[in-house]
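> My structure is below; once you've seen it, I'll send some questions.
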Amino acid sequence: DTLCRGDSLTFTANPAGLLTDYAWHFGTFAFPNTALGAGPHTVKYVTPGNRTIRLITQHPNGNDTAFFQLHVRFDPVANFNVNTANLTA
């Protein structure tokens with residue numbers, strides 16, 4: 001998925017079965033960059049680049065890890081030219 005720099009994204013785990021703990025790691029330059037619990041957790045990304053979000057869940061038999069890839073883009077830049085040769089006042 002893709003997000004623009006400065007935008008926020010909300011993460012929520014779907015609790016199932018015997019899951020007891022949730023540990024989120026949202027990546028470098030994310031605010032906040034970690035959180036506990038199923039969520040929802042709203043996270044803001046302030047610098048462009050690729051991010052890997054990691055969710056570690058714990059259950060009676062151990063733990064599991066899920067990964068989510070995110071690309072944070074630079075701000076959009078308008079690119080245009082104005083021809084003033086034919087303008088009249």
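Scheme for the structure tokens: letters A, B, ... for chains in order shown; per-chain residue numbers from 1; ligand numbers from 1 in order shown.
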Just the residues within 10 Å of A:Pro15, please, counting only C-alpha atoms, with nothing from its chain fewer than 2 positions along; format it as a list in words.
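Here the qualifying residues turn out to be Thr12, Ala13, Gly17, Leu18, Leu19, Thr20, Asp21, Tyr22, Gly37, Ala38, Gly39 and Thr57 of chain A.
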> May I have the residues from that selection written out with N, CA, C and O atoms, as a compact mmCIF listing (two decimals), in the first residue's frame?

```txt
# COMPACT_ATOMS: atom_id res chain seq x y z
N THR A 12 -5.56 -1.93 13.06
CA THR A 12 -6.36 -2.67 14.03
C THR A 12 -6.21 -4.15 13.74
O THR A 12 -6.37 -4.58 12.60
N ALA A 13 -5.90 -4.93 14.76
CA ALA A 13 -5.86 -6.39 14.63
C ALA A 13 -7.26 -6.93 14.84
O ALA A 13 -8.05 -6.35 15.58
N GLY A 17 -9.52 -16.32 18.42
CA GLY A 17 -9.02 -17.44 19.20
C GLY A 17 -8.47 -17.04 20.56
O GLY A 17 -9.05 -16.23 21.27
N LEU A 18 -7.32 -17.58 20.88
CA LEU A 18 -6.73 -17.41 22.21
C LEU A 18 -5.59 -16.39 22.23
O LEU A 18 -4.71 -16.46 23.08
N LEU A 19 -5.60 -15.43 21.30
CA LEU A 19 -4.56 -14.42 21.29
C LEU A 19 -4.65 -13.57 22.55
O LEU A 19 -5.73 -13.14 22.96
N THR A 20 -3.50 -13.38 23.20
CA THR A 20 -3.51 -12.67 24.48
C THR A 20 -2.79 -11.33 24.44
O THR A 20 -3.14 -10.43 25.18
N ASP A 21 -1.76 -11.20 23.58
CA ASP A 21 -0.98 -9.96 23.54
C ASP A 21 -0.72 -9.56 22.10
O ASP A 21 -0.56 -10.42 21.22
N TYR A 22 -0.63 -8.25 21.88
CA TYR A 22 -0.34 -7.70 20.56
C TYR A 22 0.76 -6.66 20.73
O TYR A 22 0.64 -5.75 21.54
N GLY A 37 -1.51 -3.80 22.27
CA GLY A 37 -2.94 -4.01 22.19
C GLY A 37 -3.41 -4.14 20.76
O GLY A 37 -2.71 -3.79 19.81
N ALA A 38 -4.64 -4.65 20.60
CA ALA A 38 -5.19 -4.90 19.27
C ALA A 38 -5.42 -3.62 18.48
O ALA A 38 -5.43 -3.61 17.25
N GLY A 39 -5.60 -2.49 19.15
CA GLY A 39 -5.85 -1.24 18.45
C GLY A 39 -7.30 -0.82 18.60
O GLY A 39 -8.03 -1.40 19.40
N THR A 57 1.87 -11.40 17.79
CA THR A 57 0.77 -11.82 18.66
C THR A 57 1.23 -13.00 19.50
O THR A 57 2.03 -13.82 19.05
```
> When you look at A:Arg51 with a cut-off of 6 Å (counting only C-alpha atoms), what residues show up, excluding the ones that are within fewer than 2 positions of it in the same chain? I need them as a ChimeraX atom specification.
/A:27,69-70
> Based on the selection just made, write C-alpha atoms of those residues as a PDB file, in the first residue's frame.

```pdb
ATOM      1  CA  GLY A  27       8.736   1.333  11.417  1.00  0.00           C
ATOM      2  CA  GLN A  69       4.640  -3.411   3.602  1.00  0.00           C
ATOM      3  CA  LEU A  70       3.980   0.310   3.171  1.00  0.00           C
TER       4      LEU A  70
END
```
> Excluding A:His25 and its own-chain neighbours fewer than 4 positions away, which residues fall within 10 Å of it when counting only C-alpha atoms? Please give them as number ranges by chain.
A: 30, 32-36, 52-56, 67
> Could you take the residues named above and write them with N, CA and C atoms, as an mmCIF file, in the first residue's frame?

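Here's the written file selection-v3.cif:
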```cif
data_model
loop_
_atom_site.group_PDB
_atom_site.id
_atom_site.type_symbol
_atom_site.label_atom_id
_atom_site.label_comp_id
_atom_site.auth_asym_id
_atom_site.auth_seq_id
_atom_site.Cartn_x
_atom_site.Cartn_y
_atom_site.Cartn_z
ATOM 1 N N ALA A 30 7.918 6.660 12.249
ATOM 2 C CA ALA A 30 6.471 6.586 12.465
ATOM 3 C C ALA A 30 6.198 7.127 13.859
ATOM 4 N N PRO A 32 3.144 7.123 16.694
ATOM 5 C CA PRO A 32 4.193 6.450 17.468
ATOM 6 C C PRO A 32 4.834 5.349 16.633
ATOM 7 N N ASN A 33 6.016 4.888 17.044
ATOM 8 C CA ASN A 33 6.635 3.811 16.265
ATOM 9 C C ASN A 33 6.357 2.424 16.850
ATOM 10 N N THR A 34 5.783 2.359 18.060
ATOM 11 C CA THR A 34 5.351 1.078 18.630
ATOM 12 C C THR A 34 4.035 1.289 19.381
ATOM 13 N N ALA A 35 3.313 0.190 19.588
ATOM 14 C CA ALA A 35 2.074 0.231 20.370
ATOM 15 C C ALA A 35 1.758 -1.174 20.854
ATOM 16 N N LEU A 36 0.979 -1.241 21.923
ATOM 17 C CA LEU A 36 0.536 -2.519 22.473
ATOM 18 C C LEU A 36 -0.982 -2.600 22.385
ATOM 19 N N THR A 52 8.238 -1.388 6.909
ATOM 20 C CA THR A 52 7.706 -2.710 7.218
ATOM 21 C C THR A 52 7.035 -2.623 8.577
ATOM 22 N N ILE A 53 5.737 -2.870 8.608
ATOM 23 C CA ILE A 53 4.980 -2.875 9.855
ATOM 24 C C ILE A 53 4.938 -4.316 10.330
ATOM 25 N N ARG A 54 5.202 -4.505 11.623
ATOM 26 C CA ARG A 54 5.255 -5.860 12.191
ATOM 27 C C ARG A 54 4.286 -5.951 13.353
ATOM 28 N N LEU A 55 3.487 -7.000 13.369
ATOM 29 C CA LEU A 55 2.579 -7.290 14.479
ATOM 30 C C LEU A 55 2.953 -8.653 15.047
ATOM 31 N N ILE A 56 3.310 -8.661 16.322
ATOM 32 C CA ILE A 56 3.620 -9.914 17.018
ATOM 33 C C ILE A 56 2.466 -10.213 17.955
ATOM 34 N N PHE A 67 3.577 -9.396 8.841
ATOM 35 C CA PHE A 67 4.249 -8.238 8.265
ATOM 36 C C PHE A 67 3.345 -7.558 7.257
#
```
> Applying 9 Å and only C-alpha atoms, which residues near A:Val46 remain after dropping the ones on its own chain fewer than 4 positions away? List them as a list in words.
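Once the nearby chain positions are removed, what remains is Cys4, Arg5, Gly6, Asp7, Phe29, Ala30, Phe31 and Val72 of chain A.
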> What residues in chain A get the DSSP label strand (DSSP E or B)? Please answer as a compact mmCIF listing (two decimals) with all heavy atoms, in the first residue's frame.

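Final output, saved to out-v8.txt:
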```txt
# COMPACT_ATOMS: atom_id res chain seq x y z
N THR A 2 0.27 2.36 -0.40
CA THR A 2 1.00 3.61 -0.53
C THR A 2 0.31 4.71 0.26
O THR A 2 -0.92 4.76 0.33
CB THR A 2 1.09 4.01 -2.01
OG1 THR A 2 1.73 2.96 -2.73
CG2 THR A 2 1.88 5.28 -2.20
N LEU A 3 1.12 5.58 0.83
CA LEU A 3 0.63 6.67 1.67
C LEU A 3 1.49 7.89 1.39
O LEU A 3 2.68 7.76 1.10
CB LEU A 3 0.77 6.25 3.14
CG LEU A 3 0.22 7.13 4.23
CD1 LEU A 3 -1.30 7.08 4.21
CD2 LEU A 3 0.73 6.66 5.57
N CYS A 4 0.92 9.09 1.45
CA CYS A 4 1.70 10.31 1.28
C CYS A 4 2.34 10.71 2.61
O CYS A 4 1.76 10.50 3.67
CB CYS A 4 0.83 11.46 0.78
SG CYS A 4 0.40 11.29 -0.96
N SER A 8 -1.81 9.94 7.96
CA SER A 8 -1.95 8.95 9.04
C SER A 8 -2.67 7.72 8.52
O SER A 8 -3.45 7.78 7.58
CB SER A 8 -2.74 9.55 10.21
OG SER A 8 -2.04 10.62 10.76
N LEU A 9 -2.40 6.62 9.19
CA LEU A 9 -3.03 5.35 8.87
C LEU A 9 -3.41 4.69 10.18
O LEU A 9 -2.68 4.79 11.16
CB LEU A 9 -2.02 4.48 8.10
CG LEU A 9 -2.51 3.24 7.39
CD1 LEU A 9 -3.54 3.59 6.33
CD2 LEU A 9 -1.33 2.54 6.72
N THR A 10 -4.56 4.02 10.22
CA THR A 10 -5.02 3.37 11.44
C THR A 10 -4.90 1.86 11.28
O THR A 10 -5.37 1.29 10.30
CB THR A 10 -6.48 3.76 11.76
OG1 THR A 10 -6.53 5.18 11.93
CG2 THR A 10 -6.97 3.10 13.03
N PHE A 11 -4.25 1.24 12.27
CA PHE A 11 -4.04 -0.21 12.28
C PHE A 11 -4.88 -0.83 13.38
O PHE A 11 -4.89 -0.34 14.52
CB PHE A 11 -2.56 -0.52 12.56
CG PHE A 11 -1.64 -0.07 11.47
CD1 PHE A 11 -1.08 1.20 11.51
CD2 PHE A 11 -1.33 -0.91 10.43
CE1 PHE A 11 -0.21 1.62 10.52
CE2 PHE A 11 -0.46 -0.50 9.42
CZ PHE A 11 0.09 0.77 9.47
N ASP A 21 -1.76 -11.20 23.58
CA ASP A 21 -0.98 -9.96 23.54
C ASP A 21 -0.72 -9.56 22.10
O ASP A 21 -0.56 -10.42 21.22
CB ASP A 21 0.36 -10.13 24.26
CG ASP A 21 0.20 -10.31 25.76
OD1 ASP A 21 -0.54 -9.53 26.36
OD2 ASP A 21 0.82 -11.24 26.30
N TYR A 22 -0.63 -8.25 21.88
CA TYR A 22 -0.34 -7.70 20.56
C TYR A 22 0.76 -6.66 20.73
O TYR A 22 0.64 -5.75 21.54
CB TYR A 22 -1.57 -7.01 19.97
CG TYR A 22 -2.77 -7.91 19.83
CD1 TYR A 22 -3.61 -8.17 20.91
CD2 TYR A 22 -3.07 -8.49 18.60
CE1 TYR A 22 -4.71 -8.99 20.76
CE2 TYR A 22 -4.17 -9.31 18.46
CZ TYR A 22 -4.99 -9.56 19.54
OH TYR A 22 -6.07 -10.38 19.40
N ALA A 23 1.83 -6.79 19.95
CA ALA A 23 2.91 -5.81 19.97
C ALA A 23 3.14 -5.33 18.54
O ALA A 23 3.50 -6.12 17.65
CB ALA A 23 4.19 -6.43 20.53
N TRP A 24 2.90 -4.05 18.31
CA TRP A 24 3.04 -3.44 17.00
C TRP A 24 4.37 -2.70 16.89
O TRP A 24 4.79 -2.03 17.83
CB TRP A 24 1.94 -2.41 16.77
CG TRP A 24 0.56 -2.95 16.71
CD1 TRP A 24 -0.30 -3.15 17.75
CD2 TRP A 24 -0.16 -3.32 15.53
NE1 TRP A 24 -1.50 -3.63 17.29
CE2 TRP A 24 -1.44 -3.74 15.92
CE3 TRP A 24 0.16 -3.34 14.17
CZ2 TRP A 24 -2.41 -4.16 15.02
CZ3 TRP A 24 -0.81 -3.76 13.27
CH2 TRP A 24 -2.07 -4.17 13.70
N HIS A 25 5.00 -2.81 15.72
CA HIS A 25 6.20 -2.04 15.39
C HIS A 25 5.91 -1.41 14.02
O HIS A 25 5.83 -2.11 13.02
CB HIS A 25 7.44 -2.94 15.34
CG HIS A 25 7.68 -3.65 16.63
ND1 HIS A 25 8.44 -3.11 17.64
CD2 HIS A 25 7.22 -4.83 17.10
CE1 HIS A 25 8.45 -3.93 18.67
NE2 HIS A 25 7.71 -4.99 18.37
N ALA A 30 7.92 6.66 12.25
CA ALA A 30 6.47 6.59 12.46
C ALA A 30 6.20 7.13 13.86
O ALA A 30 6.98 6.92 14.78
CB ALA A 30 5.99 5.14 12.36
N PHE A 31 5.10 7.83 14.01
CA PHE A 31 4.73 8.40 15.31
C PHE A 31 3.33 7.97 15.67
O PHE A 31 2.40 8.40 15.01
CB PHE A 31 4.87 9.92 15.29
CG PHE A 31 6.28 10.36 15.11
CD1 PHE A 31 6.75 10.69 13.86
CD2 PHE A 31 7.15 10.40 16.18
CE1 PHE A 31 8.06 11.07 13.67
CE2 PHE A 31 8.48 10.78 16.00
CZ PHE A 31 8.92 11.12 14.74
N THR A 34 5.78 2.36 18.06
CA THR A 34 5.35 1.08 18.63
C THR A 34 4.03 1.29 19.38
O THR A 34 3.69 2.41 19.76
CB THR A 34 6.38 0.49 19.62
OG1 THR A 34 6.54 1.40 20.71
CG2 THR A 34 7.71 0.23 18.95
N ALA A 35 3.31 0.19 19.59
CA ALA A 35 2.07 0.23 20.37
C ALA A 35 1.76 -1.17 20.85
O ALA A 35 2.21 -2.17 20.28
CB ALA A 35 0.92 0.77 19.53
N LEU A 36 0.98 -1.24 21.92
CA LEU A 36 0.54 -2.52 22.47
C LEU A 36 -0.98 -2.60 22.39
O LEU A 36 -1.66 -1.58 22.45
CB LEU A 36 0.98 -2.66 23.93
CG LEU A 36 2.49 -2.66 24.17
CD1 LEU A 36 2.79 -2.67 25.66
CD2 LEU A 36 3.15 -3.85 23.47
N HIS A 41 -4.85 1.81 16.36
CA HIS A 41 -3.69 2.66 16.57
C HIS A 41 -3.52 3.55 15.33
O HIS A 41 -3.35 3.03 14.22
CB HIS A 41 -2.42 1.83 16.77
CG HIS A 41 -2.50 0.87 17.91
ND1 HIS A 41 -2.50 1.28 19.22
CD2 HIS A 41 -2.61 -0.47 17.93
CE1 HIS A 41 -2.58 0.23 20.01
NE2 HIS A 41 -2.66 -0.85 19.25
N THR A 42 -3.59 4.85 15.51
CA THR A 42 -3.40 5.78 14.41
C THR A 42 -1.94 6.22 14.39
O THR A 42 -1.41 6.70 15.38
CB THR A 42 -4.34 6.99 14.54
OG1 THR A 42 -5.69 6.51 14.54
CG2 THR A 42 -4.15 7.96 13.39
N VAL A 43 -1.31 6.04 13.23
CA VAL A 43 0.12 6.26 13.08
C VAL A 43 0.35 7.26 11.96
O VAL A 43 -0.27 7.19 10.90
CB VAL A 43 0.84 4.93 12.75
CG1 VAL A 43 2.34 5.13 12.62
CG2 VAL A 43 0.53 3.89 13.82
N LYS A 44 1.26 8.21 12.20
CA LYS A 44 1.61 9.21 11.20
C LYS A 44 3.03 8.94 10.71
O LYS A 44 3.93 8.70 11.51
CB LYS A 44 1.52 10.61 11.81
CG LYS A 44 1.75 11.72 10.83
CD LYS A 44 1.48 13.07 11.47
CE LYS A 44 1.55 14.17 10.44
NZ LYS A 44 1.12 15.45 11.00
N TYR A 45 3.20 9.00 9.39
CA TYR A 45 4.51 8.78 8.77
C TYR A 45 5.01 10.12 8.22
O TYR A 45 4.34 10.74 7.41
CB TYR A 45 4.41 7.75 7.65
CG TYR A 45 4.18 6.37 8.22
CD1 TYR A 45 2.89 5.90 8.45
CD2 TYR A 45 5.25 5.56 8.57
CE1 TYR A 45 2.68 4.65 8.99
CE2 TYR A 45 5.05 4.31 9.12
CZ TYR A 45 3.76 3.86 9.33
OH TYR A 45 3.56 2.63 9.88
N GLY A 49 9.68 6.79 2.11
CA GLY A 49 10.47 5.56 2.05
C GLY A 49 9.61 4.34 2.28
O GLY A 49 8.41 4.43 2.52
N ASN A 50 10.24 3.19 2.20
CA ASN A 50 9.55 1.92 2.42
C ASN A 50 9.56 1.59 3.90
O ASN A 50 10.57 1.76 4.57
CB ASN A 50 10.20 0.80 1.62
CG ASN A 50 10.04 1.00 0.14
OD1 ASN A 50 8.97 1.40 -0.31
ND2 ASN A 50 11.08 0.75 -0.63
N ARG A 51 8.43 1.12 4.41
CA ARG A 51 8.30 0.76 5.82
C ARG A 51 7.76 -0.67 5.91
O ARG A 51 6.93 -1.08 5.10
CB ARG A 51 7.33 1.68 6.55
CG ARG A 51 7.66 3.16 6.46
CD ARG A 51 8.89 3.50 7.31
NE ARG A 51 9.19 4.91 7.25
CZ ARG A 51 10.01 5.46 6.38
NH1 ARG A 51 10.60 4.73 5.48
NH2 ARG A 51 10.23 6.77 6.39
N THR A 52 8.24 -1.39 6.91
CA THR A 52 7.71 -2.71 7.22
C THR A 52 7.04 -2.62 8.58
O THR A 52 7.68 -2.30 9.57
CB THR A 52 8.82 -3.77 7.24
OG1 THR A 52 9.43 -3.82 5.95
CG2 THR A 52 8.25 -5.14 7.59
N ILE A 53 5.74 -2.87 8.61
CA ILE A 53 4.98 -2.87 9.86
C ILE A 53 4.94 -4.32 10.33
O ILE A 53 4.70 -5.24 9.55
CB ILE A 53 3.55 -2.32 9.65
CG1 ILE A 53 3.61 -0.82 9.31
CG2 ILE A 53 2.71 -2.51 10.89
CD1 ILE A 53 3.85 -0.51 7.90
N ARG A 54 5.20 -4.51 11.62
CA ARG A 54 5.26 -5.86 12.19
C ARG A 54 4.29 -5.95 13.35
O ARG A 54 4.25 -5.08 14.21
CB ARG A 54 6.67 -6.15 12.64
CG ARG A 54 6.87 -7.54 13.19
CD ARG A 54 8.31 -7.79 13.55
NE ARG A 54 8.69 -6.88 14.64
CZ ARG A 54 9.92 -6.53 14.92
NH1 ARG A 54 10.92 -6.97 14.20
NH2 ARG A 54 10.18 -5.73 15.93
N LEU A 55 3.49 -7.00 13.37
CA LEU A 55 2.58 -7.29 14.48
C LEU A 55 2.95 -8.65 15.05
O LEU A 55 2.92 -9.66 14.34
CB LEU A 55 1.12 -7.30 14.01
CG LEU A 55 0.10 -7.79 15.04
CD1 LEU A 55 0.10 -6.91 16.29
CD2 LEU A 55 -1.28 -7.88 14.41
N ILE A 56 3.31 -8.66 16.32
CA ILE A 56 3.62 -9.91 17.02
C ILE A 56 2.47 -10.21 17.96
O ILE A 56 2.10 -9.38 18.79
CB ILE A 56 4.94 -9.81 17.80
CG1 ILE A 56 6.09 -9.45 16.86
CG2 ILE A 56 5.22 -11.11 18.55
CD1 ILE A 56 7.37 -9.09 17.56
N THR A 57 1.87 -11.40 17.79
CA THR A 57 0.77 -11.82 18.66
C THR A 57 1.23 -13.00 19.50
O THR A 57 2.03 -13.82 19.05
CB THR A 57 -0.47 -12.21 17.85
OG1 THR A 57 -0.12 -13.26 16.94
CG2 THR A 57 -1.03 -11.03 17.08
N GLN A 58 0.71 -13.05 20.70
CA GLN A 58 1.07 -14.14 21.61
C GLN A 58 -0.18 -14.96 21.91
O GLN A 58 -1.28 -14.42 22.06
CB GLN A 58 1.67 -13.59 22.89
CG GLN A 58 2.30 -14.65 23.76
CD GLN A 58 3.16 -14.04 24.84
OE1 GLN A 58 3.06 -12.87 25.16
NE2 GLN A 58 4.02 -14.85 25.41
N HIS A 59 0.01 -16.27 22.02
CA HIS A 59 -1.07 -17.21 22.35
C HIS A 59 -0.48 -18.33 23.20
O HIS A 59 0.74 -18.39 23.39
CB HIS A 59 -1.74 -17.74 21.07
CG HIS A 59 -0.79 -18.28 20.05
ND1 HIS A 59 -0.23 -19.53 20.14
CD2 HIS A 59 -0.26 -17.72 18.94
CE1 HIS A 59 0.57 -19.74 19.12
NE2 HIS A 59 0.58 -18.65 18.38
N GLY A 62 2.71 -20.13 21.92
CA GLY A 62 3.88 -19.36 21.49
C GLY A 62 3.46 -18.02 20.92
O GLY A 62 2.55 -17.37 21.43
N ASN A 63 4.13 -17.61 19.84
CA ASN A 63 3.76 -16.35 19.21
C ASN A 63 3.86 -16.45 17.70
O ASN A 63 4.46 -17.37 17.16
CB ASN A 63 4.59 -15.17 19.75
CG ASN A 63 6.07 -15.37 19.58
OD1 ASN A 63 6.50 -16.05 18.65
ND2 ASN A 63 6.85 -14.79 20.46
N ASP A 64 3.22 -15.50 17.03
CA ASP A 64 3.23 -15.41 15.57
C ASP A 64 3.55 -13.98 15.19
O ASP A 64 3.25 -13.04 15.94
CB ASP A 64 1.87 -15.80 14.97
CG ASP A 64 1.59 -17.29 15.07
OD1 ASP A 64 2.50 -18.07 14.74
OD2 ASP A 64 0.47 -17.64 15.47
N THR A 65 4.12 -13.82 14.01
CA THR A 65 4.46 -12.49 13.51
C THR A 65 3.86 -12.31 12.13
O THR A 65 3.97 -13.18 11.27
CB THR A 65 5.99 -12.30 13.43
OG1 THR A 65 6.55 -12.55 14.73
CG2 THR A 65 6.35 -10.90 13.00
N ALA A 66 3.22 -11.16 11.92
CA ALA A 66 2.67 -10.78 10.62
C ALA A 66 3.37 -9.51 10.15
O ALA A 66 3.72 -8.65 10.97
CB ALA A 66 1.16 -10.55 10.72
N PHE A 67 3.58 -9.40 8.84
CA PHE A 67 4.25 -8.24 8.26
C PHE A 67 3.34 -7.56 7.26
O PHE A 67 2.55 -8.22 6.58
CB PHE A 67 5.54 -8.66 7.56
CG PHE A 67 6.56 -9.24 8.50
CD1 PHE A 67 6.65 -10.61 8.68
CD2 PHE A 67 7.44 -8.42 9.18
CE1 PHE A 67 7.59 -11.16 9.53
CE2 PHE A 67 8.38 -8.95 10.05
CZ PHE A 67 8.45 -10.33 10.22
N PHE A 68 3.49 -6.25 7.14
CA PHE A 68 2.73 -5.44 6.19
C PHE A 68 3.70 -4.43 5.59
O PHE A 68 4.42 -3.75 6.33
CB PHE A 68 1.58 -4.73 6.91
CG PHE A 68 0.77 -3.80 6.07
CD1 PHE A 68 -0.16 -4.30 5.18
CD2 PHE A 68 0.93 -2.43 6.17
CE1 PHE A 68 -0.91 -3.45 4.40
CE2 PHE A 68 0.18 -1.57 5.40
CZ PHE A 68 -0.74 -2.08 4.51
N GLN A 69 3.74 -4.35 4.28
CA GLN A 69 4.64 -3.41 3.60
C GLN A 69 3.90 -2.13 3.24
O GLN A 69 2.75 -2.17 2.79
CB GLN A 69 5.20 -4.04 2.33
CG GLN A 69 6.01 -5.29 2.58
CD GLN A 69 7.25 -5.02 3.41
OE1 GLN A 69 7.96 -4.04 3.21
NE2 GLN A 69 7.51 -5.89 4.38
N LEU A 70 4.57 -1.00 3.44
CA LEU A 70 3.98 0.31 3.17
C LEU A 70 5.02 1.18 2.50
O LEU A 70 6.19 1.19 2.90
CB LEU A 70 3.53 0.95 4.49
CG LEU A 70 2.95 2.35 4.43
CD1 LEU A 70 1.61 2.35 3.69
CD2 LEU A 70 2.78 2.92 5.83
N HIS A 71 4.61 1.91 1.47
CA HIS A 71 5.48 2.87 0.82
C HIS A 71 4.96 4.28 1.11
O HIS A 71 3.82 4.60 0.79
CB HIS A 71 5.55 2.65 -0.69
CG HIS A 71 6.41 3.65 -1.39
ND1 HIS A 71 7.78 3.65 -1.27
CD2 HIS A 71 6.10 4.70 -2.17
CE1 HIS A 71 8.27 4.66 -1.96
NE2 HIS A 71 7.28 5.32 -2.52
N VAL A 72 5.80 5.10 1.73
CA VAL A 72 5.44 6.48 2.03
C VAL A 72 6.08 7.35 0.94
O VAL A 72 7.30 7.35 0.77
CB VAL A 72 5.95 6.90 3.44
CG1 VAL A 72 5.55 8.33 3.73
CG2 VAL A 72 5.40 5.95 4.49
N ARG A 73 5.23 8.07 0.20
CA ARG A 73 5.70 8.87 -0.93
C ARG A 73 6.08 10.29 -0.50
O ARG A 73 5.61 10.79 0.51
CB ARG A 73 4.61 8.96 -2.00
CG ARG A 73 4.28 7.63 -2.62
CD ARG A 73 3.38 7.79 -3.78
NE ARG A 73 2.05 8.23 -3.31
CZ ARG A 73 1.03 8.42 -4.10
NH1 ARG A 73 1.15 8.26 -5.39
NH2 ARG A 73 -0.13 8.79 -3.61
```
